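Text of start-v4.txt (compact mmCIF, C-alpha atoms and all ligand atoms) as supplied:
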```
# COMPACT_ATOMS: atom_id res chain seq x y z
CA MET A 1 97.68 101.08 87.80
CA SER A 2 99.63 98.90 90.16
CA ILE A 3 103.30 99.35 90.92
CA CYS A 4 105.68 96.43 91.16
CA VAL A 5 109.22 96.83 92.46
CA THR A 6 111.55 93.86 91.94
CA ASP A 7 115.02 93.34 93.46
CA LEU A 8 115.69 97.07 93.77
CA VAL A 9 119.30 97.87 94.66
CA LYS A 10 120.73 101.27 95.53
CA ARG A 11 124.27 101.90 96.73
CA HIS A 12 125.19 105.34 98.01
CA PRO A 13 128.78 106.20 97.08
CA GLY A 14 131.14 105.38 99.92
CA ALA A 15 128.51 103.53 102.00
CA ALA A 16 129.57 100.13 103.40
CA ALA A 17 126.20 98.44 102.74
CA PRO A 18 123.59 99.13 100.05
CA ALA A 19 120.68 101.30 101.23
CA LEU A 20 118.32 99.11 99.17
CA ALA A 21 119.45 95.50 99.01
CA GLY A 22 117.09 93.69 96.64
CA LEU A 23 113.82 95.22 97.77
CA CYS A 24 110.58 93.79 96.36
CA MET A 25 107.08 95.23 96.80
CA GLU A 26 103.83 95.30 94.87
CA VAL A 27 100.89 97.60 95.47
CA PRO A 28 97.65 96.87 93.58
CA THR A 29 95.78 99.59 91.69
CA GLY A 30 93.96 102.10 93.89
CA LYS A 31 95.40 100.73 97.14
CA ILE A 32 97.17 102.72 99.86
CA ALA A 33 100.44 101.26 101.17
CA SER A 34 102.39 102.57 104.13
CA VAL A 35 106.14 102.06 104.36
CA LEU A 36 107.49 101.85 107.90
CA GLY A 37 110.93 101.06 109.28
CA ARG A 38 113.59 102.19 111.71
CA SER A 39 115.81 105.15 110.96
CA GLY A 40 118.27 104.09 108.26
CA ALA A 41 116.10 101.23 106.98
CA GLY A 42 115.97 102.76 103.49
CA LYS A 43 112.60 104.54 103.36
CA THR A 44 113.85 107.87 102.01
CA THR A 45 116.13 106.11 99.55
CA LEU A 46 113.18 104.05 98.27
CA LEU A 47 111.06 107.18 97.85
CA ARG A 48 113.82 108.98 95.99
CA CYS A 49 114.38 106.04 93.63
CA LEU A 50 110.65 105.55 92.97
CA SER A 51 110.11 109.23 92.29
CA GLY A 52 113.02 109.36 89.88
CA LEU A 53 114.96 111.88 91.99
CA ASP A 54 117.85 109.39 92.31
CA PRO A 55 119.00 106.65 89.92
CA PHE A 56 119.19 103.07 91.19
CA ASP A 57 121.79 100.36 90.62
CA GLY A 58 119.76 97.20 90.04
CA GLY A 59 116.29 95.72 89.76
CA THR A 60 113.16 97.04 88.07
CA ILE A 61 110.22 99.32 88.71
CA GLU A 62 107.07 98.43 86.74
CA VAL A 63 104.32 101.01 86.58
CA SER A 64 101.34 101.30 84.24
CA GLY A 65 102.58 98.24 82.38
CA VAL A 66 105.98 99.79 81.60
CA THR A 67 109.16 98.40 83.16
CA PHE A 68 112.06 100.67 84.04
CA GLY A 69 115.49 99.18 84.75
CA ALA A 70 118.59 100.59 86.39
CA GLY A 71 119.85 102.08 83.16
CA ALA A 72 116.60 103.91 82.46
CA LYS A 73 116.78 107.62 82.01
CA HIS A 74 115.54 108.96 85.25
CA GLY A 75 113.09 111.77 85.78
CA SER A 76 109.72 110.80 87.07
CA PHE A 77 109.05 107.75 84.94
CA GLY A 78 107.25 109.66 82.24
CA GLY A 79 105.06 111.41 84.81
CA LYS A 80 103.55 108.11 85.93
CA ILE A 81 104.81 108.52 89.50
CA GLY A 82 104.16 111.74 91.43
CA LEU A 83 105.62 112.88 94.76
CA VAL A 84 104.05 115.02 97.48
CA PHE A 85 106.87 116.64 99.45
CA GLN A 86 106.91 116.69 103.24
CA THR A 87 106.81 120.49 103.31
CA PHE A 88 104.48 120.75 100.28
CA GLU A 89 106.83 123.11 98.35
CA LEU A 90 104.05 125.31 96.96
CA PHE A 91 105.07 128.39 94.97
CA PRO A 92 104.25 131.31 97.32
CA HIS A 93 103.75 133.86 94.54
CA LEU A 94 101.16 131.77 92.66
CA SER A 95 97.50 131.21 93.45
CA VAL A 96 96.27 127.70 94.22
CA LEU A 97 94.94 127.37 90.67
CA ASP A 98 98.23 128.54 89.14
CA ASN A 99 100.28 126.29 91.45
CA CYS A 100 98.30 123.33 90.14
CA THR A 101 98.11 124.25 86.45
CA LEU A 102 101.75 125.30 86.01
CA ALA A 103 103.21 121.86 85.30
CA PRO A 104 100.41 120.68 82.95
CA ARG A 105 100.77 123.92 80.99
CA VAL A 106 104.55 124.15 80.93
CA VAL A 107 105.58 120.49 80.88
CA ARG A 108 102.70 119.07 78.84
CA GLY A 109 101.78 122.15 76.84
CA GLU A 110 98.15 121.90 77.92
CA ALA A 111 95.87 124.87 77.15
CA ARG A 112 95.14 127.02 80.22
CA SER A 113 91.38 126.52 79.95
CA ARG A 114 91.66 122.75 79.82
CA ALA A 115 94.18 122.59 82.68
CA GLU A 116 92.05 124.91 84.82
CA ALA A 117 88.90 122.87 84.24
CA ARG A 118 90.68 119.67 85.29
CA VAL A 119 92.29 121.28 88.33
CA LYS A 120 88.98 122.76 89.47
CA ASP A 121 87.54 119.23 89.41
CA LEU A 122 90.48 118.00 91.50
CA LEU A 123 90.09 120.84 94.00
CA ARG A 124 86.40 119.96 94.29
CA GLU A 125 87.22 116.28 94.88
CA LEU A 126 89.62 117.31 97.64
CA GLY A 127 87.13 119.76 99.18
CA ILE A 128 89.10 122.98 98.56
CA GLU A 129 87.39 124.41 95.46
CA ASP A 130 86.72 127.65 97.35
CA LYS A 131 90.51 128.19 97.67
CA ALA A 132 91.28 128.28 93.94
CA LYS A 133 92.14 131.99 93.96
CA ALA A 134 93.89 132.00 97.37
CA TYR A 135 97.66 132.19 97.84
CA PRO A 136 99.50 129.56 99.92
CA GLU A 137 100.13 131.93 102.85
CA ALA A 138 96.36 132.14 103.42
CA LEU A 139 95.91 128.38 103.76
CA SER A 140 96.03 126.08 106.78
CA GLY A 141 98.56 123.23 106.85
CA GLY A 142 95.93 120.68 105.86
CA GLN A 143 94.73 122.88 102.99
CA LYS A 144 98.32 123.37 101.75
CA GLN A 145 98.75 119.64 101.76
CA ARG A 146 95.60 119.12 99.70
CA VAL A 147 96.84 121.72 97.21
CA ALA A 148 100.16 119.87 96.99
CA ILE A 149 98.21 116.65 96.33
CA ALA A 150 96.00 118.34 93.71
CA ARG A 151 99.14 119.72 92.05
CA ALA A 152 100.66 116.23 91.85
CA LEU A 153 97.37 114.73 90.58
CA ALA A 154 97.12 117.42 87.90
CA MET A 155 99.88 115.53 86.05
CA GLU A 156 97.65 112.42 86.07
CA PRO A 157 100.09 110.01 87.72
CA SER A 158 99.25 106.33 88.21
CA VAL A 159 101.10 106.29 91.52
CA LEU A 160 101.45 109.02 94.14
CA LEU A 161 104.20 108.94 96.78
CA TYR A 162 104.08 110.82 100.07
CA ASP A 163 107.05 111.70 102.27
CA GLU A 164 105.93 111.84 105.92
CA PRO A 165 102.53 113.41 105.16
CA THR A 166 101.65 114.06 108.80
CA SER A 167 104.92 115.55 109.99
CA ALA A 168 104.12 119.16 109.05
CA LEU A 169 100.54 119.04 110.36
CA ASP A 170 99.33 119.62 113.87
CA PRO A 171 97.89 116.54 115.55
CA ALA A 172 94.26 117.58 115.10
CA LEU A 173 94.73 117.49 111.32
CA LYS A 174 96.15 113.98 111.13
CA HIS A 175 92.75 112.37 110.63
CA GLU A 176 92.22 114.64 107.67
CA VAL A 177 95.19 112.99 105.95
CA GLY A 178 93.48 109.60 106.08
CA ARG A 179 90.32 111.07 104.58
CA THR A 180 92.31 112.77 101.84
CA LEU A 181 94.15 109.54 100.98
CA ARG A 182 90.81 107.71 100.71
CA ARG A 183 89.42 110.40 98.42
CA VAL A 184 92.45 110.07 96.15
CA ALA A 185 92.19 106.26 96.23
CA GLY A 186 88.64 106.65 94.97
CA THR A 187 90.05 108.08 91.73
CA GLY A 188 92.03 104.85 91.12
CA VAL A 189 95.46 106.28 91.94
CA THR A 190 97.82 103.91 93.80
CA GLN A 191 99.46 105.54 96.84
CA ILE A 192 102.64 104.82 98.80
CA VAL A 193 103.10 106.66 102.09
CA VAL A 194 106.44 106.75 103.91
CA THR A 195 105.69 107.50 107.54
CA HIS A 196 106.79 107.11 111.14
CA ASP A 197 103.21 107.61 112.24
CA LEU A 198 101.81 104.23 113.28
CA PRO A 199 98.22 105.44 113.92
CA VAL A 200 98.07 106.97 110.44
CA ALA A 201 99.49 103.80 108.88
CA ARG A 202 97.01 101.71 110.82
CA GLU A 203 93.98 103.84 110.00
CA SER A 204 94.75 104.90 106.46
CA SER A 205 96.41 102.04 104.64
CA ASP A 206 95.33 98.82 103.00
CA LEU A 207 98.82 97.36 103.17
CA VAL A 208 101.89 97.96 105.31
CA PHE A 209 105.51 97.24 104.35
CA VAL A 210 108.16 97.23 107.06
CA LEU A 211 111.68 97.86 105.79
CA ASP A 212 114.84 96.62 107.47
CA ARG A 213 118.33 97.11 106.05
CA GLY A 214 117.07 97.83 102.58
CA ARG A 215 114.63 94.94 102.26
CA VAL A 216 110.99 94.30 103.08
CA ALA A 217 111.05 92.46 106.42
CA ALA A 218 107.27 92.13 106.78
CA PHE A 219 104.16 93.10 104.85
CA GLY A 220 100.42 92.59 105.00
CA PRO A 221 97.25 94.26 106.24
CA PRO A 222 97.93 96.91 108.91
CA GLU A 223 96.10 95.12 111.69
CA GLU A 224 98.46 92.13 111.31
CA VAL A 225 101.76 93.85 110.60
CA ILE A 226 101.49 96.74 113.05
CA ALA A 227 100.30 94.49 115.87
CA GLU A 228 103.41 92.33 115.33
CA ALA A 229 105.74 95.33 115.12
CA ALA A 230 104.33 96.91 118.31
N1 LIG B 301 123.68 110.28 100.38
C1 LIG B 301 124.04 109.22 101.10
N2 LIG B 301 125.34 108.80 101.13
C2 LIG B 301 125.69 107.70 101.83
N3 LIG B 301 124.85 106.95 102.54
C3 LIG B 301 123.55 107.32 102.56
C4 LIG B 301 123.08 108.48 101.85
N4 LIG B 301 121.74 108.60 102.05
C5 LIG B 301 121.40 107.55 102.87
N5 LIG B 301 122.47 106.81 103.17
C6 LIG B 301 122.48 105.57 104.00
O1 LIG B 301 121.52 104.67 103.45
C7 LIG B 301 120.80 104.00 104.48
C8 LIG B 301 119.30 104.26 104.30
O2 LIG B 301 119.04 105.65 104.55
P1 LIG B 301 117.58 106.30 104.38
O3 LIG B 301 117.75 107.77 104.53
O4 LIG B 301 116.98 105.78 103.15
O5 LIG B 301 116.84 105.68 105.65
P2 LIG B 301 115.40 106.06 106.26
O6 LIG B 301 114.73 104.76 106.52
O7 LIG B 301 114.73 107.03 105.38
O8 LIG B 301 115.79 106.76 107.64
P3 LIG B 301 114.99 107.93 108.44
O9 LIG B 301 113.80 107.27 109.03
O10 LIG B 301 116.00 108.32 109.48
O11 LIG B 301 114.68 109.03 107.48
C9 LIG B 301 121.37 104.52 105.79
O12 LIG B 301 122.34 103.60 106.25
C10 LIG B 301 122.01 105.83 105.42
O13 LIG B 301 123.10 106.11 106.27
```
Starting from the file, lay out its structure as structure tokens.
Ligand SMILES: Nc1ncnc2c1ncn2[C@@H]1O[C@H](COP(=O)(O)OP(=O)(O)OP(=O)(O)O)[C@@H](O)[C@H]1O
Amino acid sequence: MSICVTDLVKRHPGAAAPALAGLCMEVPTGKIASVLGRSGAGKTTLLRCLSGLDPFDGGTIEVSGVTFGAGAKHGSFGGKIGLVFQTFELFPHLSVLDNCTLAPRVVRGEARSRAEARVKDLLRELGIEDKAKAYPEALSGGQKQRVAIARALAMEPSVLLYDEPTSALDPALKHEVGRTLRRVAGTGVTQIVVTHDLPVARESSDLVFVLDRGRVAAFGPPEEVIAEAA
């Protein structure tokens, strides 16, 4: 499902200016959007508001046909929006399969057999089905990232957010991120990627949004927006 953000406002206590000052963006279903912008432009704040980690002060977030306003109980919008952390945050004492099935079992009360069958499909889609029994310490950076993505997808979100997905990977693995994003897009999930990495934004996204002082200053296809920004 698409995500539509309208007039989003977020004020950090004590800050002179709002970090998000009426931000609007829409990402169609199954598309990959990159969010770029100088340090302090509001990227992290946007990610935290969209993922439900922080409340916001004004505007709306519409996802899967449901609109959430500033007063909405936060959390992760009923599981409709997932977040892949920059450092993956896998549980070191759990196998890949258990990392991915924990939330469906505990939060949604899903039976182990059903959760495992779904997660095995996801691991296959992401090309890491042979790692199901491995522990995080035995995985490469790119594999850990795909586990983190499978874990987020196991909750069946409509929208998946990424915080700097290339920053913890060595340069040779950066192309893998683009491939992984495309694989996820093929499942119909809408993706929003906050990044400083212009090549990744250029190669991997359908749309680019450039933030400036808490608003969208430019948006469009990467070849247009990134050429202008460069
Ligand atoms: N907890 C906070 N308290 C007060 N001000 C904050 C807080 N967090 C962020 N800000 C301010 O909000 C604005 C946006 O910050 P944000 O971290 O969202 O920017 P960013 O685009 O993610 O920057 P970077 O690229 O450096 O991570 C900045 O002016 C920042 O100083």
Give me, as a PDB file with C-alpha atoms, in the frame of the given file, all polymer residues having an atom no more than 9 Å from Phe85 (chain A), counting all atoms listed in the file and skipping those fewer than 4 positions away in the same chain.
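Wrote it out as result_25.pdb, contents follow:
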```pdb
ATOM      1  CA  GLU A  89     106.830 123.110  98.350  1.00  0.00           C
ATOM      2  CA  GLN A 145      98.750 119.640 101.760  1.00  0.00           C
ATOM      3  CA  ALA A 148     100.160 119.870  96.990  1.00  0.00           C
ATOM      4  CA  LEU A 161     104.200 108.940  96.780  1.00  0.00           C
ATOM      5  CA  TYR A 162     104.080 110.820 100.070  1.00  0.00           C
ATOM      6  CA  ASP A 163     107.050 111.700 102.270  1.00  0.00           C
ATOM      7  CA  GLU A 164     105.930 111.840 105.920  1.00  0.00           C
ATOM      8  CA  PRO A 165     102.530 113.410 105.160  1.00  0.00           C
TER       9      PRO A 165
END
```
Enclose all atoms of ligand LIG 301 (chain B) listed in the file in an axis-aligned box, grow every side by 5 Å, and hand back centre and edge lengths in Å to one decimal, as JSON.
```
{"center_x": 119.7, "center_y": 106.9, "center_z": 104.9, "size_x": 21.9, "size_y": 16.7, "size_z": 19.1}
```
Site check for ligand LIG 301 (chain B): residues at most 6 Å away, only C-alpha atoms and all ligand atoms, as a PyMOL selection string: chain A and resi 12-13+15+19+37-45
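A straight line drawn from CA of Gly59 (chain A) to CA of Gly220 (chain A) is 22.2 Å long.
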Between CA of Ala117 (chain A) and CA of Ile149 (chain A), what is the distance, to one decimal in Å? 16.5 Å
